[in-house]
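*Asks:* Coordinates in model_29.cif, mmCIF, C-alpha atoms and all ligand atoms, are listed below.
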```
data_my_file
#
loop_
_atom_site.group_PDB
_atom_site.id
_atom_site.type_symbol
_atom_site.label_atom_id
_atom_site.label_comp_id
_atom_site.auth_asym_id
_atom_site.auth_seq_id
_atom_site.Cartn_x
_atom_site.Cartn_y
_atom_site.Cartn_z
ATOM 1 C CA MET A 12 0.000 0.000 0.000
ATOM 2 C CA ASP A 13 1.260 3.515 -0.772
ATOM 3 C CA ALA A 14 2.210 5.913 2.032
ATOM 4 C CA PHE A 15 -0.853 8.117 1.525
ATOM 5 C CA ASN A 16 -3.366 5.313 1.914
ATOM 6 C CA LYS A 17 -1.370 3.661 4.654
ATOM 7 C CA LEU A 18 -1.353 6.877 6.695
ATOM 8 C CA THR A 19 -5.064 7.359 6.094
ATOM 9 C CA GLU A 20 -5.592 3.888 7.479
ATOM 10 C CA TYR A 21 -3.500 4.683 10.570
ATOM 11 C CA PHE A 22 -5.324 7.947 11.243
ATOM 12 C CA SER A 23 -8.711 6.274 10.930
ATOM 13 C CA GLU A 24 -7.733 4.069 13.897
ATOM 14 C CA PHE A 25 -7.268 7.146 16.122
ATOM 15 C CA PRO A 26 -9.991 7.675 18.758
ATOM 16 C CA GLY A 27 -12.954 9.568 17.343
ATOM 17 C CA ILE A 28 -11.507 9.830 13.818
ATOM 18 C CA GLY A 29 -13.491 8.518 10.856
ATOM 19 C CA PRO A 30 -12.207 7.690 7.350
ATOM 20 C CA ARG A 31 -13.011 11.151 5.964
ATOM 21 C CA GLN A 32 -11.172 13.003 8.708
ATOM 22 C CA ALA A 33 -8.312 10.540 8.378
ATOM 23 C CA LYS A 34 -8.003 11.468 4.740
ATOM 24 C CA ARG A 35 -8.035 15.171 5.620
ATOM 25 C CA PHE A 36 -5.102 14.575 7.972
ATOM 26 C CA ALA A 37 -3.173 12.854 5.191
ATOM 27 C CA TYR A 38 -3.894 15.753 2.790
ATOM 28 C CA PHE A 39 -2.818 18.194 5.500
ATOM 29 C CA LEU A 40 0.546 16.451 5.753
ATOM 30 C CA LEU A 41 0.996 16.886 2.005
ATOM 31 C CA THR A 42 0.788 20.662 2.453
ATOM 32 C CA ARG A 43 3.640 20.695 5.031
ATOM 33 C CA ASN A 44 7.321 20.971 4.169
ATOM 34 C CA GLN A 45 9.818 18.151 4.600
ATOM 35 C CA ASN A 46 11.268 19.549 7.870
ATOM 36 C CA TYR A 47 7.865 19.460 9.489
ATOM 37 C CA LEU A 48 7.316 15.867 8.377
ATOM 38 C CA ASP A 49 10.769 14.792 9.555
ATOM 39 C CA GLU A 50 10.193 16.332 12.956
ATOM 40 C CA LEU A 51 6.765 14.752 13.229
ATOM 41 C CA SER A 52 8.231 11.333 12.383
ATOM 42 C CA ARG A 53 11.028 11.802 14.921
ATOM 43 C CA ASN A 54 8.563 12.690 17.669
ATOM 44 C CA ILE A 55 6.339 9.741 16.875
ATOM 45 C CA ALA A 56 9.357 7.448 17.012
ATOM 46 C CA ALA A 57 10.460 8.894 20.372
ATOM 47 C CA ILE A 58 7.117 9.168 22.180
ATOM 48 C CA LYS A 59 7.487 5.892 24.062
ATOM 49 C CA ASP A 60 10.914 6.917 25.334
ATOM 50 C CA ALA A 61 9.669 10.255 26.592
ATOM 51 C CA VAL A 62 6.770 8.883 28.584
ATOM 52 C CA THR A 63 6.384 6.169 31.186
ATOM 53 C CA LEU A 64 3.555 4.492 33.078
ATOM 54 C CA CYS A 65 3.051 5.362 36.760
ATOM 55 C CA THR A 66 3.436 2.201 38.846
ATOM 56 C CA SER A 67 0.685 3.340 41.215
ATOM 57 C CA CYS A 68 -2.117 4.939 39.163
ATOM 58 C CA TYR A 69 -1.088 3.718 35.680
ATOM 59 C CA ARG A 70 -1.294 7.102 34.041
ATOM 60 C CA PHE A 71 1.279 8.114 31.484
ATOM 61 C CA PHE A 72 3.691 10.803 32.614
ATOM 62 C CA LEU A 73 6.778 12.468 31.216
ATOM 63 C CA LYS A 74 9.978 10.793 32.287
ATOM 64 C CA ASP A 75 12.055 13.100 34.382
ATOM 65 C CA SER A 76 15.463 12.870 35.890
ATOM 66 C CA PRO A 77 16.122 11.472 38.376
ATOM 67 C CA LYS A 78 13.772 8.748 37.233
ATOM 68 C CA THR A 79 10.763 8.229 39.448
ATOM 69 C CA ALA A 80 8.414 5.255 39.505
ATOM 70 C CA VAL A 81 5.316 7.272 40.358
ATOM 71 C CA CYS A 82 3.808 10.359 38.746
ATOM 72 C CA SER A 83 3.626 13.837 40.280
ATOM 73 C CA ILE A 84 0.052 13.274 41.498
ATOM 74 C CA CYS A 85 0.902 10.040 43.331
ATOM 75 C CA ALA A 86 4.099 11.585 44.719
ATOM 76 C CA ASN A 87 2.323 14.711 45.993
ATOM 77 C CA LYS A 88 2.164 14.552 49.791
ATOM 78 C CA ASN A 89 -0.760 16.970 49.859
ATOM 79 C CA ARG A 90 -3.094 14.623 48.004
ATOM 80 C CA ASP A 91 -5.739 12.754 49.950
ATOM 81 C CA THR A 92 -4.733 9.074 49.892
ATOM 82 C CA SER A 93 -8.067 7.914 51.328
ATOM 83 C CA THR A 94 -9.843 8.107 47.942
ATOM 84 C CA ARG A 95 -9.045 6.524 44.585
ATOM 85 C CA MET A 96 -10.955 7.639 41.528
ATOM 86 C CA VAL A 97 -11.196 5.016 38.787
ATOM 87 C CA VAL A 98 -11.236 6.446 35.246
ATOM 88 C CA SER A 99 -11.107 4.795 31.819
ATOM 89 C CA ARG A 100 -8.470 6.870 30.114
ATOM 90 C CA ASP A 101 -5.727 9.413 30.687
ATOM 91 C CA VAL A 102 -7.835 12.130 29.031
ATOM 92 C CA ASP A 103 -10.542 11.624 31.695
ATOM 93 C CA LEU A 104 -7.974 12.111 34.431
ATOM 94 C CA ASP A 105 -6.732 15.261 32.682
ATOM 95 C CA THR A 106 -10.290 16.633 32.510
ATOM 96 C CA ILE A 107 -10.877 16.051 36.231
ATOM 97 C CA GLU A 108 -7.498 17.494 37.191
ATOM 98 C CA LYS A 109 -8.210 20.571 35.098
ATOM 99 C CA ALA A 110 -11.493 21.075 36.947
ATOM 100 C CA GLY A 111 -9.407 21.308 40.150
ATOM 101 C CA VAL A 112 -12.153 19.935 42.390
ATOM 102 C CA TYR A 113 -10.695 16.561 43.362
ATOM 103 C CA ASN A 114 -7.708 16.092 45.639
ATOM 104 C CA GLY A 115 -7.518 12.305 45.947
ATOM 105 C CA LEU A 116 -5.623 9.774 43.860
ATOM 106 C CA TYR A 117 -6.587 7.997 40.624
ATOM 107 C CA PHE A 118 -6.437 4.741 38.793
ATOM 108 C CA VAL A 119 -6.465 4.639 34.974
ATOM 109 C CA LEU A 120 -8.087 1.475 33.605
ATOM 110 C CA GLY A 121 -6.645 2.003 30.141
ATOM 111 C CA GLY A 122 -9.971 1.374 28.406
ATOM 112 C CA SER A 123 -13.510 0.204 28.995
ATOM 113 C CA ILE A 124 -15.498 -2.970 28.424
ATOM 114 C CA PRO A 125 -17.861 -3.118 25.434
ATOM 115 C CA ILE A 126 -21.186 -4.872 25.997
ATOM 116 C CA LEU A 127 -20.947 -8.637 25.298
ATOM 117 C CA GLU A 128 -17.147 -8.588 25.493
ATOM 118 C CA LYS A 129 -15.991 -12.177 26.006
ATOM 119 C CA ASN A 130 -12.690 -11.331 27.695
ATOM 120 C CA PRO A 131 -13.418 -8.231 29.783
ATOM 121 C CA GLU A 132 -10.270 -8.628 31.867
ATOM 122 C CA ARG A 133 -8.166 -8.082 28.745
ATOM 123 C CA ARG A 134 -9.782 -4.720 28.013
ATOM 124 C CA ILE A 135 -8.863 -2.994 31.247
ATOM 125 C CA ARG A 136 -6.189 -3.184 33.959
ATOM 126 C CA ALA A 137 -8.454 -5.145 36.281
ATOM 127 C CA ALA A 138 -5.742 -7.293 37.872
ATOM 128 C CA GLU A 139 -3.496 -4.256 38.398
ATOM 129 C CA LEU A 140 -6.411 -2.391 39.984
ATOM 130 C CA VAL A 141 -7.121 -5.167 42.472
ATOM 131 C CA SER A 142 -3.494 -5.585 43.448
ATOM 132 C CA MET A 143 -3.028 -1.826 43.931
ATOM 133 C CA LEU A 144 -6.272 -1.545 45.945
ATOM 134 C CA GLU A 145 -5.413 -4.538 48.096
ATOM 135 C CA ASN A 146 -2.051 -3.003 48.893
ATOM 136 C CA ASN A 147 -3.640 0.313 49.859
ATOM 137 C CA LEU A 148 -6.375 -1.384 51.870
ATOM 138 C CA LYS A 149 -3.889 -3.495 53.810
ATOM 139 C CA GLN A 150 -2.083 -0.307 54.804
ATOM 140 C CA GLY A 151 -5.410 0.998 56.052
ATOM 141 C CA VAL A 152 -5.215 4.241 54.076
ATOM 142 C CA LEU A 153 -7.940 3.714 51.494
ATOM 143 C CA LYS A 154 -11.550 4.433 52.462
ATOM 144 C CA GLU A 155 -13.398 5.094 49.221
ATOM 145 C CA ILE A 156 -13.228 4.062 45.571
ATOM 146 C CA ILE A 157 -15.022 6.464 43.236
ATOM 147 C CA PHE A 158 -16.078 5.242 39.803
ATOM 148 C CA ALA A 159 -15.809 8.052 37.259
ATOM 149 C CA LEU A 160 -16.664 6.263 34.038
ATOM 150 C CA ASN A 161 -18.499 7.515 30.994
ATOM 151 C CA ALA A 162 -22.275 7.829 31.373
ATOM 152 C CA ASN A 163 -22.925 5.531 28.422
ATOM 153 C CA PRO A 164 -23.629 1.774 28.079
ATOM 154 C CA GLU A 165 -19.937 0.909 27.787
ATOM 155 C CA GLY A 166 -19.086 2.898 30.916
ATOM 156 C CA GLU A 167 -21.956 1.293 32.825
ATOM 157 C CA ASN A 168 -20.919 -2.162 31.660
ATOM 158 C CA THR A 169 -17.372 -1.503 32.867
ATOM 159 C CA GLN A 170 -18.591 -0.375 36.249
ATOM 160 C CA TYR A 171 -20.928 -3.369 36.583
ATOM 161 C CA TYR A 172 -18.021 -5.694 35.869
ATOM 162 C CA LEU A 173 -15.716 -3.906 38.326
ATOM 163 C CA GLU A 174 -18.288 -3.869 41.119
ATOM 164 C CA LYS A 175 -18.592 -7.648 40.878
ATOM 165 C CA PHE A 176 -14.836 -7.980 40.561
ATOM 166 C CA LEU A 177 -14.197 -5.838 43.658
ATOM 167 C CA GLU A 178 -16.963 -7.350 45.779
ATOM 168 C CA PRO A 179 -14.566 -9.582 47.827
ATOM 169 C CA LEU A 180 -12.357 -6.567 48.654
ATOM 170 C CA LYS A 181 -15.381 -4.523 49.614
ATOM 171 C CA GLU A 182 -16.544 -7.258 51.992
ATOM 172 C CA GLN A 183 -13.148 -7.863 53.499
ATOM 173 C CA TYR A 184 -12.081 -4.266 54.054
ATOM 174 C CA ASN A 185 -15.412 -2.489 54.246
ATOM 175 C CA VAL A 186 -14.316 0.053 51.642
ATOM 176 C CA LYS A 187 -16.958 2.338 50.172
ATOM 177 C CA LEU A 188 -17.687 2.108 46.430
ATOM 178 C CA SER A 189 -19.303 5.225 44.999
ATOM 179 C CA THR A 190 -20.224 6.623 41.599
ATOM 180 C CA LEU A 191 -20.079 10.165 40.254
ATOM 181 C CA GLY A 192 -23.539 11.736 40.411
ATOM 182 C CA ARG A 193 -25.491 11.783 37.196
ATOM 183 C CA GLY A 194 -25.155 15.503 36.791
ATOM 184 C CA LEU A 195 -23.178 14.005 33.950
ATOM 185 C CA SER A 196 -26.093 13.527 31.603
ATOM 186 C CA THR A 197 -26.600 10.166 29.948
ATOM 187 C CA GLY A 198 -24.421 9.583 26.927
ATOM 188 C CA THR A 199 -21.904 12.183 28.018
ATOM 189 C CA GLU A 200 -18.270 11.318 27.854
ATOM 190 C CA LEU A 201 -16.391 12.509 30.895
ATOM 191 C CA GLU A 202 -13.701 13.957 28.675
ATOM 192 C CA TYR A 203 -16.121 16.602 27.380
ATOM 193 C CA SER A 204 -17.604 17.596 30.733
ATOM 194 C CA ASP A 205 -16.869 21.061 32.088
ATOM 195 C CA GLY A 206 -15.465 21.865 35.515
ATOM 196 C CA GLU A 207 -18.788 22.866 37.070
ATOM 197 C CA THR A 208 -20.445 19.602 35.946
ATOM 198 C CA ILE A 209 -17.594 17.563 37.387
ATOM 199 C CA LYS A 210 -17.717 19.483 40.628
ATOM 200 C CA ASN A 211 -21.430 18.720 40.994
ATOM 201 C CA ALA A 212 -21.018 15.099 39.939
ATOM 202 C CA LEU A 213 -18.363 14.686 42.609
ATOM 203 C CA LYS A 214 -20.465 16.386 45.266
ATOM 204 C CA ASN A 215 -23.518 14.272 44.356
ATOM 205 C CA ARG A 216 -21.701 10.976 44.192
ATOM 206 C CA GLN A 217 -23.615 8.045 45.589
HETATM 207 ZN ZN ZN B 301 0.408 8.102 39.510
#
```
So, in terms of structure tokens, how does the structure I just supplied come out?
Ligand SMILES: [Zn+2]

*Replies:*
Amino acid sequence: MDAFNKLTEYFSEFPGIGPRQAKRFAYFLLTRNQNYLDELSRNIAAIKDAVTLCTSCYRFFLKDSPKTAVCSICANKNRDTSTRMVVSRDVDLDTIEKAGVYNGLYFVLGGSIPILEKNPERRIRAAELVSMLENNLKQGVLKEIIFALNANPEGENTQYYLEKFLEPLKEQYNVKLSTLGRGLSTGTELEYSDGETIKNALKNRQ
């Protein structure tokens, strides 16, 4: 396949990008000069080296020196370690951080579970979540797990799965499981919610 069509195919795999937009991206690249394209290629090639996964909340963060295992949120002594907010993706975490209304810690699932998925545990970091939670619960610091998933069928399916999955931990440690209030209207993706909506959803969690 030629480079133009190959790139169009790549772009169409990006989140939220359809075939027509993908083609527009490819045409856009044709209007740029060679330096721009070389730099873009270099950055794409280097992105994995620049970023690493936090060993506590599993969000991506920029590698710094000296190298740290946890991100700036997890390392921040002023954050409230008694709550963990579970989100699907890094962009959801970014949206909530930007709203500036939550001071606890996070966990990034790395995806969500489509309805009728046969291998749900492969879609999200379920095992990592349980092992992190168990660790925190054993230390007696964690009191509440807040689900902040998208208010759509896939988000609900993910939460349903996780609630069942976390049931033994809930029983054993008496940890509270709560959900962001539905000030987030149905069908809304968390990523596109504004600060005020998130603030209310957090306040009205149940
Ligand atoms: Zn972290």

*Asks:* Starting from the displayed file, determine the output of the PyMOL selection byres (((chain A and resi 72) around 10) and not hetatm) and express the residue list as a PyMOL selection string.

*Replies:* chain A and resi 61-65+69-71+73-75+81-84+101

*Asks:* Would you mind listing what lies within 12 Å of stretch 178-180 of chain A as a list in words, with all atoms listed in the file counted and same-chain residues fewer than 2 positions away left out?

*Replies:*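 That gives Leu140, Val141, Ser142, Met143, Leu144, Glu145, Asn146, Asn147, Leu148, Lys149, Leu153, Lys154, Glu155, Ile156, Gln170, Tyr171, Tyr172, Leu173, Glu174, Lys175, Phe176, Glu182, Gln183, Tyr184, Asn185, Val186, Lys187 and Leu188 of chain A.
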
*Asks:* Kindly export the residues of the current selection with C-alpha atoms, as a PDB file, keeping the file's coordinate frame.

*Replies:*
```pdb
ATOM      1  CA  LEU A 140      -6.411  -2.391  39.984  1.00  0.00           C
ATOM      2  CA  VAL A 141      -7.121  -5.167  42.472  1.00  0.00           C
ATOM      3  CA  SER A 142      -3.494  -5.585  43.448  1.00  0.00           C
ATOM      4  CA  MET A 143      -3.028  -1.826  43.931  1.00  0.00           C
ATOM      5  CA  LEU A 144      -6.272  -1.545  45.945  1.00  0.00           C
ATOM      6  CA  GLU A 145      -5.413  -4.538  48.096  1.00  0.00           C
ATOM      7  CA  ASN A 146      -2.051  -3.003  48.893  1.00  0.00           C
ATOM      8  CA  ASN A 147      -3.640   0.313  49.859  1.00  0.00           C
ATOM      9  CA  LEU A 148      -6.375  -1.384  51.870  1.00  0.00           C
ATOM     10  CA  LYS A 149      -3.889  -3.495  53.810  1.00  0.00           C
ATOM     11  CA  LEU A 153      -7.940   3.714  51.494  1.00  0.00           C
ATOM     12  CA  LYS A 154     -11.550   4.433  52.462  1.00  0.00           C
ATOM     13  CA  GLU A 155     -13.398   5.094  49.221  1.00  0.00           C
ATOM     14  CA  ILE A 156     -13.228   4.062  45.571  1.00  0.00           C
ATOM     15  CA  GLN A 170     -18.591  -0.375  36.249  1.00  0.00           C
ATOM     16  CA  TYR A 171     -20.928  -3.369  36.583  1.00  0.00           C
ATOM     17  CA  TYR A 172     -18.021  -5.694  35.869  1.00  0.00           C
ATOM     18  CA  LEU A 173     -15.716  -3.906  38.326  1.00  0.00           C
ATOM     19  CA  GLU A 174     -18.288  -3.869  41.119  1.00  0.00           C
ATOM     20  CA  LYS A 175     -18.592  -7.648  40.878  1.00  0.00           C
ATOM     21  CA  PHE A 176     -14.836  -7.980  40.561  1.00  0.00           C
ATOM     22  CA  GLU A 182     -16.544  -7.258  51.992  1.00  0.00           C
ATOM     23  CA  GLN A 183     -13.148  -7.863  53.499  1.00  0.00           C
ATOM     24  CA  TYR A 184     -12.081  -4.266  54.054  1.00  0.00           C
ATOM     25  CA  ASN A 185     -15.412  -2.489  54.246  1.00  0.00           C
ATOM     26  CA  VAL A 186     -14.316   0.053  51.642  1.00  0.00           C
ATOM     27  CA  LYS A 187     -16.958   2.338  50.172  1.00  0.00           C
ATOM     28  CA  LEU A 188     -17.687   2.108  46.430  1.00  0.00           C
TER      29      LEU A 188
END
```

*Asks:* Excluding A:Leu40 and its own-chain neighbours fewer than 2 positions away, which residues fall within 12 Å of it when counting only C-alpha atoms? Please give them as a list in words.

*Replies:*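 Result of the neighbour search: Ala14, Phe15, Leu18, Thr19, Phe22, Ala33, Lys34, Arg35, Phe36, Ala37, Tyr38, Thr42, Arg43, Asn44, Gln45, Asn46, Tyr47, Leu48, Asp49, Leu51 and Ser52 of chain A.
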
*Asks:* Kindly indicate which residue among A:Asn114, A:Asn87, A:Ser99, A:Gln150 lies nearest to A:Ala162, using all atoms listed in the file for the distances.

*Replies:*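 Looking at the shortest contact to A:Ala162, the residue is A:Ser99.
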
*Asks:* Find, counting only C-alpha atoms and all ligand atoms, the residue in A:Leu41, A:Val98, A:Val152, A:Ala86 that gets nearest to ligand ZN 301 (chain B).

*Replies:* A:Ala86

*Asks:* Using the chain letters and numbers from this file, what does the PyMOL selection byres (((chain A and resi 206) around 9) and not hetatm) select? Give the answer as a CSV table (one decimal) with C-alpha atoms, keeping the file's coordinate frame.

*Replies:*
```
chain,number,residue,atom,x,y,z
A,106,THR,CA,-10.3,16.6,32.5
A,107,ILE,CA,-10.9,16.1,36.2
A,109,LYS,CA,-8.2,20.6,35.1
A,110,ALA,CA,-11.5,21.1,36.9
A,111,GLY,CA,-9.4,21.3,40.2
A,112,VAL,CA,-12.2,19.9,42.4
A,204,SER,CA,-17.6,17.6,30.7
A,205,ASP,CA,-16.9,21.1,32.1
A,207,GLU,CA,-18.8,22.9,37.1
A,208,THR,CA,-20.4,19.6,35.9
A,209,ILE,CA,-17.6,17.6,37.4
A,210,LYS,CA,-17.7,19.5,40.6
A,211,ASN,CA,-21.4,18.7,41.0
```

*Asks:* Kindly indicate which residue among A:Gly115, A:Gly166, A:Pro77, A:Gly27 lies nearest to ligand ZN 301 (chain B), using all atoms listed in the file for the distances.

*Replies:*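 Going through A:Gly115, A:Gly166, A:Pro77, A:Gly27 one by one, the smallest distance to ligand ZN 301 (chain B) is for A:Gly115.
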
*Asks:* Kindly add N, CA and C atoms to the incomplete stretch 26-56 of chain A and provide the output as an mmCIF file, in the coordinates of the input.

*Replies:*
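Heads up, here's the output in rebuild-v3.cif:
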```cif
data_model
loop_
_atom_site.group_PDB
_atom_site.id
_atom_site.type_symbol
_atom_site.label_atom_id
_atom_site.label_comp_id
_atom_site.auth_asym_id
_atom_site.auth_seq_id
_atom_site.Cartn_x
_atom_site.Cartn_y
_atom_site.Cartn_z
ATOM 1 N N PRO A 26 -8.694 7.539 18.100
ATOM 2 C CA PRO A 26 -9.991 7.675 18.758
ATOM 3 C C PRO A 26 -10.808 8.818 18.150
ATOM 4 N N GLY A 27 -12.034 8.538 17.817
ATOM 5 C CA GLY A 27 -12.954 9.568 17.343
ATOM 6 C C GLY A 27 -12.721 10.029 15.912
ATOM 7 N N ILE A 28 -11.819 9.395 15.182
ATOM 8 C CA ILE A 28 -11.507 9.830 13.818
ATOM 9 C C ILE A 28 -12.079 8.847 12.796
ATOM 10 N N GLY A 29 -12.907 9.360 11.902
ATOM 11 C CA GLY A 29 -13.491 8.518 10.856
ATOM 12 C C GLY A 29 -12.641 8.563 9.601
ATOM 13 N N PRO A 30 -12.998 7.765 8.588
ATOM 14 C CA PRO A 30 -12.207 7.690 7.350
ATOM 15 C C PRO A 30 -12.050 9.033 6.637
ATOM 16 N N ARG A 31 -13.112 9.866 6.672
ATOM 17 C CA ARG A 31 -13.011 11.151 5.964
ATOM 18 C C ARG A 31 -12.036 12.091 6.641
ATOM 19 N N GLN A 32 -12.120 12.153 7.975
ATOM 20 C CA GLN A 32 -11.172 13.003 8.708
ATOM 21 C C GLN A 32 -9.751 12.481 8.536
ATOM 22 N N ALA A 33 -9.636 11.154 8.533
ATOM 23 C CA ALA A 33 -8.312 10.540 8.378
ATOM 24 C C ALA A 33 -7.685 10.986 7.056
ATOM 25 N N LYS A 34 -8.492 11.043 6.045
ATOM 26 C CA LYS A 34 -8.003 11.468 4.740
ATOM 27 C C LYS A 34 -7.595 12.947 4.758
ATOM 28 N N ARG A 35 -8.383 13.748 5.498
ATOM 29 C CA ARG A 35 -8.035 15.171 5.620
ATOM 30 C C ARG A 35 -6.680 15.347 6.287
ATOM 31 N N PHE A 36 -6.406 14.515 7.298
ATOM 32 C CA PHE A 36 -5.102 14.575 7.972
ATOM 33 C C PHE A 36 -3.983 14.275 6.975
ATOM 34 N N ALA A 37 -4.200 13.241 6.163
ATOM 35 C CA ALA A 37 -3.173 12.854 5.191
ATOM 36 C C ALA A 37 -2.943 13.981 4.175
ATOM 37 N N TYR A 38 -4.034 14.612 3.718
ATOM 38 C CA TYR A 38 -3.894 15.753 2.790
ATOM 39 C C TYR A 38 -3.164 16.914 3.468
ATOM 40 N N PHE A 39 -3.474 17.124 4.746
ATOM 41 C CA PHE A 39 -2.818 18.194 5.500
ATOM 42 C C PHE A 39 -1.307 17.991 5.503
ATOM 43 N N LEU A 40 -0.897 16.742 5.727
ATOM 44 C CA LEU A 40 0.546 16.451 5.753
ATOM 45 C C LEU A 40 1.197 16.782 4.411
ATOM 46 N N LEU A 41 0.447 16.584 3.331
ATOM 47 C CA LEU A 41 0.996 16.886 2.005
ATOM 48 C C LEU A 41 1.281 18.372 1.817
ATOM 49 N N THR A 42 0.579 19.213 2.589
ATOM 50 C CA THR A 42 0.788 20.662 2.453
ATOM 51 C C THR A 42 1.982 21.148 3.282
ATOM 52 N N ARG A 43 2.520 20.285 4.168
ATOM 53 C CA ARG A 43 3.640 20.695 5.031
ATOM 54 C C ARG A 43 4.978 20.479 4.320
ATOM 55 N N ASN A 44 6.007 21.193 4.791
ATOM 56 C CA ASN A 44 7.321 20.971 4.169
ATOM 57 C C ASN A 44 8.031 19.768 4.787
ATOM 58 N N GLN A 45 9.140 19.386 4.192
ATOM 59 C CA GLN A 45 9.818 18.151 4.600
ATOM 60 C C GLN A 45 10.322 18.217 6.050
ATOM 61 N N ASN A 46 10.782 19.424 6.492
ATOM 62 C CA ASN A 46 11.268 19.549 7.870
ATOM 63 C C ASN A 46 10.186 19.199 8.884
ATOM 64 N N TYR A 47 9.002 19.723 8.606
ATOM 65 C CA TYR A 47 7.865 19.460 9.489
ATOM 66 C C TYR A 47 7.607 17.953 9.574
ATOM 67 N N LEU A 48 7.596 17.310 8.418
ATOM 68 C CA LEU A 48 7.316 15.867 8.377
ATOM 69 C C LEU A 48 8.402 15.065 9.074
ATOM 70 N N ASP A 49 9.671 15.500 8.886
ATOM 71 C CA ASP A 49 10.769 14.792 9.555
ATOM 72 C C ASP A 49 10.648 14.919 11.066
ATOM 73 N N GLU A 50 10.297 16.123 11.519
ATOM 74 C CA GLU A 50 10.193 16.332 12.956
ATOM 75 C C GLU A 50 9.024 15.532 13.536
ATOM 76 N N LEU A 51 7.924 15.533 12.803
ATOM 77 C CA LEU A 51 6.765 14.752 13.229
ATOM 78 C C LEU A 51 7.140 13.272 13.356
ATOM 79 N N SER A 52 7.816 12.749 12.344
ATOM 80 C CA SER A 52 8.231 11.333 12.383
ATOM 81 C C SER A 52 9.145 11.060 13.561
ATOM 82 N N ARG A 53 10.087 11.992 13.805
ATOM 83 C CA ARG A 53 11.028 11.802 14.921
ATOM 84 C C ARG A 53 10.285 11.749 16.253
ATOM 85 N N ASN A 54 9.311 12.653 16.409
ATOM 86 C CA ASN A 54 8.563 12.690 17.669
ATOM 87 C C ASN A 54 7.699 11.448 17.863
ATOM 88 N N ILE A 55 7.134 10.978 16.782
ATOM 89 C CA ILE A 55 6.339 9.741 16.875
ATOM 90 C C ILE A 55 7.244 8.588 17.299
ATOM 91 N N ALA A 56 8.427 8.537 16.693
ATOM 92 C CA ALA A 56 9.357 7.448 17.012
ATOM 93 C C ALA A 56 9.827 7.514 18.466
#
```
